[in-house]
>>> print(open('protein.txt').read())   # compact mmCIF, C-alpha atoms
# COMPACT_ATOMS: atom_id res chain seq x y z
CA MET A 1 195.80 166.38 127.26
CA ASN A 2 192.23 165.06 127.58
CA GLU A 3 190.83 161.91 126.00
CA LEU A 4 187.20 161.72 124.88
CA ASN A 5 185.71 158.26 124.70
CA ILE A 6 182.14 159.01 123.71
CA ALA A 7 181.87 155.92 121.49
CA LYS A 8 181.89 153.38 124.32
CA THR A 9 179.39 155.45 126.33
CA LEU A 10 176.95 155.68 123.42
CA ILE A 11 177.07 151.93 122.81
CA LEU A 12 176.63 151.13 126.51
CA LYS A 13 173.79 153.58 127.12
CA ARG A 14 171.95 152.72 123.89
CA LYS A 15 172.00 149.02 124.78
CA GLU A 16 170.95 149.76 128.36
CA LYS A 17 167.97 151.68 126.95
CA GLY A 18 167.21 148.87 124.53
CA ILE A 19 167.09 150.97 121.37
CA THR A 20 168.61 150.57 117.93
CA GLN A 21 170.93 152.93 116.08
CA ASP A 22 167.95 153.84 113.85
CA GLU A 23 165.84 154.85 116.85
CA LEU A 24 168.63 156.97 118.33
CA ALA A 25 169.26 158.60 114.93
CA ASN A 26 165.56 159.44 114.55
CA TYR A 27 165.44 160.97 118.03
CA ILE A 28 168.47 163.19 117.41
CA GLY A 29 167.56 163.95 113.80
CA VAL A 30 170.60 162.47 112.06
CA SER A 31 171.22 159.46 109.84
CA LYS A 32 171.89 155.95 111.12
CA ALA A 33 175.30 156.19 109.42
CA SER A 34 176.19 159.15 111.64
CA VAL A 35 175.32 157.22 114.78
CA SER A 36 177.35 154.28 113.52
CA LYS A 37 180.38 156.53 112.98
CA TRP A 38 179.99 157.95 116.49
CA GLU A 39 179.99 154.46 117.98
CA THR A 40 183.00 153.28 116.00
CA GLY A 41 184.96 156.42 116.84
CA GLN A 42 185.23 157.58 113.23
CA SER A 43 183.65 160.92 114.14
CA TYR A 44 182.16 162.82 117.07
CA PRO A 45 178.61 164.17 117.42
CA ASP A 46 178.27 167.89 116.75
CA ILE A 47 178.69 169.78 120.00
CA THR A 48 175.09 171.00 119.78
CA PHE A 49 173.87 167.38 120.07
CA LEU A 50 175.71 166.67 123.33
CA PRO A 51 173.15 168.17 125.77
CA GLN A 52 170.33 166.42 123.87
CA LEU A 53 172.11 163.06 124.00
CA ALA A 54 172.99 163.49 127.68
CA THR A 55 169.40 164.33 128.57
CA TYR A 56 168.09 161.37 126.57
CA PHE A 57 170.33 158.96 128.48
CA ASN A 58 169.83 160.79 131.81
CA ILE A 59 173.54 161.44 132.34
CA THR A 60 175.78 164.52 132.43
CA VAL A 61 177.69 165.73 129.38
CA ASP A 62 180.97 164.81 131.11
CA GLU A 63 179.67 161.26 131.63
CA LEU A 64 178.51 161.12 128.01
CA ILE A 65 181.86 162.05 126.53
CA CYS A 66 183.63 159.87 129.10
CA TYR A 67 185.87 162.75 129.99
CA GLU A 68 189.16 161.33 131.24
CA PRO A 69 191.65 164.08 132.11
CA GLN A 70 195.28 163.21 131.42
CA MET A 71 198.52 164.84 132.50
CA MET A 72 201.67 165.26 130.43
CA LYS A 73 204.82 163.41 131.51
CA GLU A 74 206.72 166.62 132.31
CA ASP A 75 203.86 167.86 134.48
CA ILE A 76 203.70 164.51 136.30
CA ASN A 77 207.39 164.82 137.17
CA LYS A 78 206.95 168.39 138.39
CA LEU A 79 203.93 167.44 140.48
CA TYR A 80 205.73 164.44 142.00
CA ASN A 81 208.72 166.58 143.00
CA LYS A 82 206.43 169.26 144.44
CA LEU A 83 204.58 166.72 146.57
CA CYS A 84 207.91 165.28 147.77
CA LYS A 85 208.81 168.74 149.02
CA ASP A 86 205.34 169.23 150.52
CA PHE A 87 205.88 166.21 152.77
CA THR A 88 208.68 168.17 154.49
CA VAL A 89 206.79 171.43 155.02
CA LYS A 90 203.11 170.50 155.30
CA PRO A 91 201.15 168.17 157.60
CA PHE A 92 201.27 164.60 156.28
CA ASP A 93 197.48 164.22 156.17
CA GLU A 94 197.13 167.44 154.18
CA VAL A 95 199.49 166.15 151.48
CA MET A 96 197.74 162.78 151.44
CA ASP A 97 194.38 164.48 150.93
CA GLU A 98 195.83 166.30 147.92
CA ILE A 99 197.18 163.02 146.52
CA ARG A 100 193.78 161.38 146.89
CA GLU A 101 192.09 164.30 145.10
CA ILE A 102 194.60 164.01 142.25
CA ILE A 103 193.94 160.28 141.94
CA LYS A 104 190.20 160.91 141.95
CA LYS A 105 190.44 163.58 139.25
CA TYR A 106 192.91 161.72 137.01
CA TYR A 107 191.57 158.22 137.64
CA SER A 108 192.45 157.05 134.11
CA CYS A 109 195.85 158.74 133.78
CA PHE A 110 197.80 155.63 134.70
CA PRO A 111 201.34 157.07 134.56
CA LEU A 112 200.21 159.68 137.10
CA ILE A 113 198.30 157.19 139.23
CA PHE A 114 201.36 154.93 139.33
CA ARG A 115 203.58 157.79 140.48
CA MET A 116 201.10 158.71 143.21
CA GLY A 117 201.17 155.13 144.48
CA LEU A 118 204.96 155.24 144.37
CA LEU A 119 204.91 158.52 146.27
CA ILE A 120 202.88 156.94 149.07
CA VAL A 121 205.24 153.96 149.34
CA ASN A 122 208.27 156.27 149.44
CA HIS A 123 206.84 158.32 152.31
CA TYR A 124 204.73 155.93 154.37
CA ASP A 125 207.46 155.58 157.01
CA ILE A 126 207.49 159.25 158.02
CA VAL A 127 204.02 158.99 159.55
CA ASP A 128 202.90 157.48 162.83
CA GLU A 129 203.52 153.74 162.86
CA LYS A 130 199.84 152.97 163.46
CA LYS A 131 198.90 154.51 160.08
CA ARG A 132 201.59 152.83 157.99
CA GLU A 133 199.77 149.60 157.21
CA LEU A 134 196.69 151.49 156.00
CA LEU A 135 198.84 153.67 153.73
CA ILE A 136 200.61 150.71 152.16
CA SER A 137 197.24 148.97 151.68
CA GLU A 138 195.99 152.13 149.94
CA ALA A 139 199.00 152.09 147.61
CA LEU A 140 198.51 148.37 147.02
CA GLU A 141 194.96 149.00 145.78
CA ILE A 142 196.32 151.56 143.32
CA PHE A 143 198.85 149.13 141.83
CA ILE A 144 196.29 146.33 141.57
CA ARG A 145 193.77 148.63 139.83
CA ILE A 146 196.40 149.70 137.31
CA GLN A 147 197.03 146.08 136.34
CA GLU A 148 193.30 145.42 136.04
CA THR A 149 192.42 148.43 133.90
CA CYS A 150 195.53 149.73 132.11
CA ASN A 151 196.57 148.48 128.67
CA ASP A 152 200.17 149.74 128.89
CA ILE A 153 202.39 146.68 129.38
CA ASP A 154 205.31 148.62 130.84
CA ILE A 155 203.20 150.41 133.43
CA CYS A 156 201.49 147.14 134.37
CA ARG A 157 204.88 145.47 134.78
CA GLN A 158 206.04 148.25 137.08
CA ALA A 159 202.75 148.12 138.99
CA LYS A 160 203.20 144.39 139.52
CA SER A 161 206.66 144.96 141.01
CA MET A 162 205.25 147.62 143.31
CA GLU A 163 202.41 145.30 144.30
CA ALA A 164 205.05 142.82 145.43
CA THR A 165 206.88 145.59 147.29
CA CYS A 166 203.68 146.43 149.16
CA TYR A 167 203.25 142.80 150.19
CA ILE A 168 206.81 142.82 151.55
CA LEU A 169 206.08 145.96 153.56
CA LEU A 170 202.86 144.38 154.83
CA ASN A 171 204.79 141.27 155.88
CA GLN A 172 202.83 139.04 153.49
CA PRO A 173 205.49 136.75 151.93
CA ILE A 174 203.01 134.20 150.57
CA GLN A 175 201.37 136.87 148.41
CA VAL A 176 204.78 137.85 147.05
CA ILE A 177 205.58 134.25 146.16
CA ASP A 178 202.18 133.69 144.53
CA LEU A 179 202.56 136.86 142.50
CA LEU A 180 206.13 136.37 141.31
CA GLN A 181 206.96 132.68 141.51
CA ASN A 182 206.63 132.26 137.75
CA SER A 183 209.13 135.06 137.15
CA ASN A 184 212.20 132.86 137.63
CA PHE A 185 212.24 131.36 134.15
CA PRO A 186 215.37 132.07 132.07
CA MET A 187 215.33 135.77 131.28
CA ILE A 188 214.86 136.85 127.69
CA ASN A 189 216.92 140.01 127.41
CA GLU A 190 214.64 142.10 125.23
CA SER A 191 217.05 145.04 125.21
CA ILE A 192 219.71 142.96 123.46
CA LEU A 193 217.22 141.80 120.83
CA LEU A 194 216.02 145.38 120.35
CA ALA A 195 219.57 146.69 119.97
CA GLN A 196 220.42 143.97 117.47
CA GLY A 197 217.32 144.85 115.46
CA GLN A 198 218.29 148.51 115.54
CA MET A 199 221.78 147.69 114.28
CA MET A 200 220.39 145.57 111.45
CA ASN A 201 218.18 148.52 110.52
CA GLY A 202 221.12 150.92 110.48
CA GLN A 203 220.05 152.72 113.67
CA MET A 204 223.50 152.70 115.24
CA ASP A 205 222.97 155.58 117.69
CA GLU A 206 219.75 154.02 118.96
CA ALA A 207 221.47 150.63 119.30
CA ARG A 208 224.30 152.13 121.38
CA GLU A 209 221.74 153.77 123.63
CA THR A 210 219.79 150.52 124.06
CA PHE A 211 222.91 148.44 124.79
CA GLN A 212 224.12 151.02 127.30
CA LEU A 213 220.78 151.24 129.09
CA GLY A 214 220.61 147.44 129.30
CA ALA A 215 224.13 147.31 130.73
CA TYR A 216 223.31 150.01 133.28
CA GLN A 217 220.10 148.33 134.45
CA ASN A 218 221.73 144.92 134.68
CA LEU A 219 224.69 146.36 136.60
CA ILE A 220 222.37 147.86 139.21
CA SER A 221 220.37 144.63 139.33
CA LEU A 222 223.56 142.57 139.79
CA VAL A 223 224.62 144.59 142.84
CA GLN A 224 221.10 144.44 144.31
CA ASN A 225 221.06 140.66 143.93
CA LEU A 226 224.51 140.32 145.50
CA VAL A 227 223.33 142.40 148.47
CA GLY A 228 220.35 140.04 148.73
CA ILE A 229 222.63 136.99 148.73
CA LEU A 230 224.78 138.69 151.37
CA GLN A 231 221.88 138.73 153.83
CA ASN A 232 221.85 134.92 154.02
CA ALA A 233 225.58 134.26 153.64
CA ASP A 234 227.83 132.49 156.12
CA LYS A 235 230.99 134.27 157.23
CA LEU A 236 233.20 132.90 154.45
CA GLN A 237 230.64 133.68 151.74
CA MET A 238 230.07 137.11 153.25
CA LYS A 239 233.70 138.13 152.78
CA GLU A 240 233.75 136.89 149.19
CA ILE A 241 230.51 138.68 148.32
CA GLU A 242 231.79 141.87 149.94
CA ARG A 243 234.98 141.60 147.88
CA ARG A 244 233.05 141.19 144.65
CA ILE A 245 230.63 144.04 145.36
CA LEU A 246 233.52 146.38 146.14
CA ALA A 247 235.37 145.26 143.01
CA ILE A 248 232.33 145.99 140.84
CA SER A 249 231.85 149.32 142.62
CA ASP A 250 235.46 150.33 142.01
CA ILE A 251 235.34 149.38 138.32
CA PHE A 252 232.09 151.23 137.61
CA GLU A 253 232.53 153.98 140.24
CA LEU A 254 229.19 153.13 141.82
CA ASP A 255 229.67 155.43 144.82
CA THR A 256 229.23 158.26 142.34
CA LEU A 257 227.05 156.59 139.73
CA SER A 258 224.51 155.06 142.13
CA PRO A 259 225.08 156.15 145.75
CA ALA A 260 221.68 154.82 146.86
CA ILE A 261 222.65 151.28 145.88
CA MET A 262 226.02 151.53 147.59
CA LEU A 263 224.59 153.03 150.79
CA SER A 264 222.25 150.04 150.98
CA SER A 265 225.17 147.71 150.31
CA TYR A 266 227.44 149.23 152.98
CA LEU A 267 224.61 149.19 155.54
CA THR A 268 223.90 145.52 154.86
CA GLN A 269 227.60 144.67 155.01
CA THR A 270 227.85 146.40 158.38
CA GLN A 271 224.90 144.49 159.79
CA ILE A 272 226.03 141.10 158.48
CA ASN A 273 229.51 141.64 159.91
CA LEU A 274 227.95 142.32 163.31
CA ILE A 275 225.81 139.19 163.04
CA HIS A 276 228.99 137.16 162.48
CA GLY A 277 230.75 138.86 165.38
CA ASP A 278 233.22 140.76 163.21
CA ASN A 279 233.14 144.21 164.81
CA GLU A 280 236.26 145.32 162.95
CA GLY A 281 234.65 144.42 159.61
CA ALA A 282 231.47 146.19 160.69
CA ILE A 283 233.37 149.41 161.47
CA LYS A 284 235.13 149.19 158.10
CA SER A 285 231.81 148.93 156.24
CA LEU A 286 230.21 151.61 158.42
CA ARG A 287 233.10 153.93 157.61
CA LYS A 288 232.33 153.51 153.90
CA TYR A 289 228.63 154.20 154.61
CA VAL A 290 229.33 157.40 156.54
CA ASP A 291 232.00 158.65 154.13
CA LEU A 292 229.60 158.25 151.21
CA ALA A 293 226.58 159.66 153.06
CA THR A 294 228.48 162.84 153.96
CA ARG A 295 229.76 163.46 150.44
CA ASP A 296 228.14 165.81 147.93
CA ILE A 297 225.70 163.20 146.58
CA TYR A 298 222.42 165.06 147.07
CA PRO A 299 219.87 165.03 145.61
CA ILE A 300 220.18 161.29 145.08
CA ILE A 301 218.81 160.86 141.57
CA ILE A 302 219.25 158.54 138.61
CA HIS A 303 222.02 159.80 136.35
CA GLY A 304 224.74 158.67 134.00
CA ASP A 305 228.45 159.45 133.90
CA ASP A 306 231.30 159.60 131.39
CA PHE A 307 230.92 155.88 130.70
CA PHE A 308 227.13 155.63 130.79
CA ASN A 309 226.62 158.72 128.65
CA LYS A 310 223.58 157.62 126.60
CA LEU A 311 220.96 157.54 129.35
CA ASP A 312 219.55 161.07 128.98
CA ARG A 313 216.48 160.15 126.92
CA TRP A 314 215.54 157.29 129.24
CA ILE A 315 216.03 159.45 132.33
CA SER A 316 213.85 162.19 130.81
CA GLU A 317 211.11 159.61 130.23
CA ILE A 318 211.09 158.27 133.80
CA GLY A 319 211.74 161.62 135.46
CA THR A 320 214.72 162.77 137.49
CA GLY A 321 214.48 159.84 139.85
CA ILE A 322 213.86 161.99 142.94
CA THR A 323 211.73 159.87 145.24
CA ARG A 324 212.01 161.84 148.49
CA ASP A 325 213.08 165.32 149.50
CA ASP A 326 216.71 165.65 150.64
CA THR A 327 215.68 166.42 154.21
CA ILE A 328 213.77 163.14 154.49
CA VAL A 329 216.50 161.19 152.71
CA LYS A 330 219.22 162.44 155.05
CA ALA A 331 217.08 161.81 158.13
CA GLY A 332 216.52 158.23 156.94
CA ILE A 333 220.23 157.66 156.34
CA VAL A 334 221.03 158.81 159.88
CA ALA A 335 218.14 156.91 161.46
CA ALA A 336 219.22 153.67 159.76
CA ILE A 337 222.24 153.71 162.08
CA LYS A 338 221.22 155.67 165.17
CA ASN A 339 217.83 153.98 165.58
CA ASN A 340 219.05 150.45 164.88
CA PRO A 341 219.46 148.48 168.15
CA MET A 342 221.94 146.18 166.44
CA PHE A 343 224.55 148.95 166.53
CA SER A 344 224.47 149.06 170.33
CA LEU A 345 227.16 146.36 170.05
CA LEU A 346 229.51 149.12 168.89
CA SER A 347 228.41 151.81 171.36
CA GLU A 348 231.72 151.82 173.26
CA ASN A 349 233.87 151.77 170.14
CA LYS A 350 235.73 155.09 169.71
CA GLU A 351 235.61 155.07 165.91
CA TYR A 352 231.90 154.23 166.00
CA LYS A 353 231.29 157.29 168.19
CA PHE A 354 233.31 159.44 165.79
CA LEU A 355 231.38 158.10 162.77
CA ILE A 356 228.04 158.78 164.46
CA GLU A 357 229.07 162.36 165.16
CA LYS A 358 230.13 162.79 161.55
CA LEU A 359 226.90 161.26 160.28
CA SER A 360 224.81 163.46 162.57
CA LEU A 361 226.01 166.51 160.66
CA LEU A 362 223.46 165.56 157.99
CA GLU A 363 220.70 166.54 160.40
CA GLU A 364 221.94 170.12 160.75
>>> encode(input="protein.txt", output="structure tokens")
Amino acid sequence: MNELNIAKTLILKRKEKGITQDELANYIGVSKASVSKWETGQSYPDITFLPQLATYFNITVDELICYEPQMMKEDINKLYNKLCKDFTVKPFDEVMDEIREIIKKYYSCFPLIFRMGLLIVNHYDIVDEKKRELLISEALEIFIRIQETCNDIDICRQAKSMEATCYILLNQPIQVIDLLQNSNFPMINESILLAQGQMMNGQMDEARETFQLGAYQNLISLVQNLVGILQNADKLQMKEIERRILAISDIFELDTLSPAIMLSSYLTQTQINLIHGDNEGAIKSLRKYVDLATRDIYPIIIHGDDFFNKLDRWISEIGTGITRDDTIVKAGIVAAIKNNPMFSLLSENKEYKFLIEKLSLLEE
């Protein structure tokens, strides 16, 4: 899909040249009314006039029609998944050059540009450490530009969240606070209001879908927030938070529904137990991490289950949820344990050695 925005170019170039609609009409040989319709977007100039107009304003035809190539959602998803795979089989710089060319070509296709920024953030850590800050800064510029130039509220909201993520990765906490500090006001749950409106309008199937999606997103958010609280908990709080996370996980079968969230949770639980000197608790949490990581959970994508069975349309809109190729994902899961100096505290523990051997099978 391509969007032509000749109207804004005509207005801009005519004013730059200091001429009236009458003067432009006389030069081209059309009526003033025709020029007016071109500038208001009610009609387009005949194709035979385009070279004449471009020459008059000393620009190319592409610049005149403000050619802005767009990409369909399905093609964006396919391209994203292809580039994820490319990161595992091609040199990193070669893939990055392709991403930059895509961004340059589709500079106004904001859903695509957002996904390219996301792609960079999801793969910055597989490159040499010296290059990582530059890559995150490059992604940061993408997310800022989206907010400055895109009119899609949802994309801008996502770009703002990713901007904050970039600041975290760049170790710039003040920027995060400045960006998001006004986001802590009581949350207006728009999905509930939407679902209620749908019910009042007799759209029962749509309402069920909206309620279910809201419940799913809030469930994932709840666990993420509990994991965040866990990181600053004392020993007593830690055990209670662990208990609640595991209870929620058991009720909603989160190991299957959202393994990425639970892997993060088990890893954090392991680390916090070590910080509090509870090696036995750390081994218990690590066992859950390894058992889940070595199950048939790949590719790790967003999906529903028998309970959350109304998510298909939403998932199709956002893509499959694949953010990294399986090879990179598995390597990261293993490295999170083997390359973490904190786990040296368990190096002589027999079960720890067994779990590391089991986890290492992912690398084969």
>>> residues_near_point(input="protein.txt", point="(218.0, 141.4, 124.4)", cutoff="12 Å", atoms="only C-alpha atoms", output="list in words")
Met187, Ile188, Asn189, Glu190, Ser191, Ile192, Leu193, Leu194, Ala195, Gln196, Gly197, Gln198, Ala207, Thr210, Phe211, Gln212, Leu213, Gly214, Ala215 and Asn218 of chain A
>>> closest_residue(input="protein.txt", among="A:His303, A:Val223, A:Ile155, A:Arg244", to="Ser265 of chain A", atoms="all atoms listed in the file")
A:Val223
>>> closest_residue(input="protein.txt", among="A:Thr327, A:Asn5, A:Thr55, A:Ser285", to="Tyr298 of chain A", atoms="only C-alpha atoms")
A:Thr327
>>> atom_distance(input="protein.txt", atom1="atom CA of Tyr216 of chain A", atom2="atom CA of Ala247 of chain A")
16.2 Å
>>> residues_around(input="protein.txt", residues="Arg100 of chain A", least_positions_apart="6", cutoff="12 Å", atoms="only C-alpha atoms", output="PyMOL selection string")
chain A and resi 93-94+106-107+112-113+116-117+119-120+135+138-139+142
>>> closest_residue(input="protein.txt", among="A:Gln231, A:Lys353, A:Leu359, A:Ile248", to="Ala293 of chain A", atoms="only C-alpha atoms")
A:Leu359
>>> atom_distance(input="protein.txt", atom1="atom CA of Val35 of chain A", atom2="atom CA of Gln70 of chain A")
26.7 Å
>>> closest_residue(input="protein.txt", among="A:Ile328, A:Ala54, A:Val334, A:Leu169", to="Val89 of chain A", atoms="all atoms listed in the file")
A:Ile328
>>> atom_distance(input="protein.txt", atom1="atom CA of Arg115 of chain A", atom2="atom CA of Phe307 of chain A")
29.1 Å
>>> closest_residue(input="protein.txt", among="A:Asn182, A:Lys288, A:Tyr124, A:Arg157", to="Leu170 of chain A", atoms="all atoms listed in the file")
A:Tyr124
>>> closest_residue(input="protein.txt", among="A:Ile126, A:Leu274, A:Ala164, A:Ile356", to="Asp325 of chain A", atoms="only C-alpha atoms")
A:Ile126
>>> residues_around(input="protein.txt", residues="Ala331 of chain A", least_positions_apart="4", cutoff="12 Å", atoms="all atoms listed in the file", output="ChimeraX atom specification")
/A:88,125-126,293,324-327,335-339,359-364
>>> write_last_selection(input="protein.txt", atoms="C-alpha atoms", output="mmCIF file, keeping the file's coordinate frame")
data_model
loop_
_atom_site.group_PDB
_atom_site.id
_atom_site.type_symbol
_atom_site.label_atom_id
_atom_site.label_comp_id
_atom_site.auth_asym_id
_atom_site.auth_seq_id
_atom_site.Cartn_x
_atom_site.Cartn_y
_atom_site.Cartn_z
ATOM 1 C CA THR A 88 208.680 168.170 154.490
ATOM 2 C CA ASP A 125 207.460 155.580 157.010
ATOM 3 C CA ILE A 126 207.490 159.250 158.020
ATOM 4 C CA ALA A 293 226.580 159.660 153.060
ATOM 5 C CA ARG A 324 212.010 161.840 148.490
ATOM 6 C CA ASP A 325 213.080 165.320 149.500
ATOM 7 C CA ASP A 326 216.710 165.650 150.640
ATOM 8 C CA THR A 327 215.680 166.420 154.210
ATOM 9 C CA ALA A 335 218.140 156.910 161.460
ATOM 10 C CA ALA A 336 219.220 153.670 159.760
ATOM 11 C CA ILE A 337 222.240 153.710 162.080
ATOM 12 C CA LYS A 338 221.220 155.670 165.170
ATOM 13 C CA ASN A 339 217.830 153.980 165.580
ATOM 14 C CA LEU A 359 226.900 161.260 160.280
ATOM 15 C CA SER A 360 224.810 163.460 162.570
ATOM 16 C CA LEU A 361 226.010 166.510 160.660
ATOM 17 C CA LEU A 362 223.460 165.560 157.990
ATOM 18 C CA GLU A 363 220.700 166.540 160.400
ATOM 19 C CA GLU A 364 221.940 170.120 160.750
#
>>> residues_around(input="protein.txt", residues="segment 250-257 of chain A", least_positions_apart="6", cutoff="8 Å", atoms="all atoms listed in the file", output="list in words")
Leu292, Ile297, His303, Gly304 and Asp305 of chain A
>>> write_last_selection(input="protein.txt", atoms="C-alpha atoms", output="compact mmCIF listing (two decimals), in the coordinates of the input")
# COMPACT_ATOMS: atom_id res chain seq x y z
CA LEU A 292 229.60 158.25 151.21
CA ILE A 297 225.70 163.20 146.58
CA HIS A 303 222.02 159.80 136.35
CA GLY A 304 224.74 158.67 134.00
CA ASP A 305 228.45 159.45 133.90
>>> residues_near_point(input="protein.txt", point="(230.4, 138.1, 148.2)", cutoff="12 Å", atoms="all atoms listed in the file", output="PyMOL selection string")
chain A and resi 222-248+265+268-269+272
>>> residues_around(input="protein.txt", residues="Lys284 of chain A", least_positions_apart="3", cutoff="12 Å", atoms="only C-alpha atoms", output="list of chain:residue names")
A:Glu242, A:Tyr266, A:Leu267, A:Gln269, A:Thr270, A:Gln271, A:Asn273, A:Leu274, A:Asp278, A:Asn279, A:Glu280, A:Gly281, A:Arg287, A:Lys288, A:Tyr289, A:Val290, A:Asp291, A:Glu351, A:Tyr352, A:Leu355
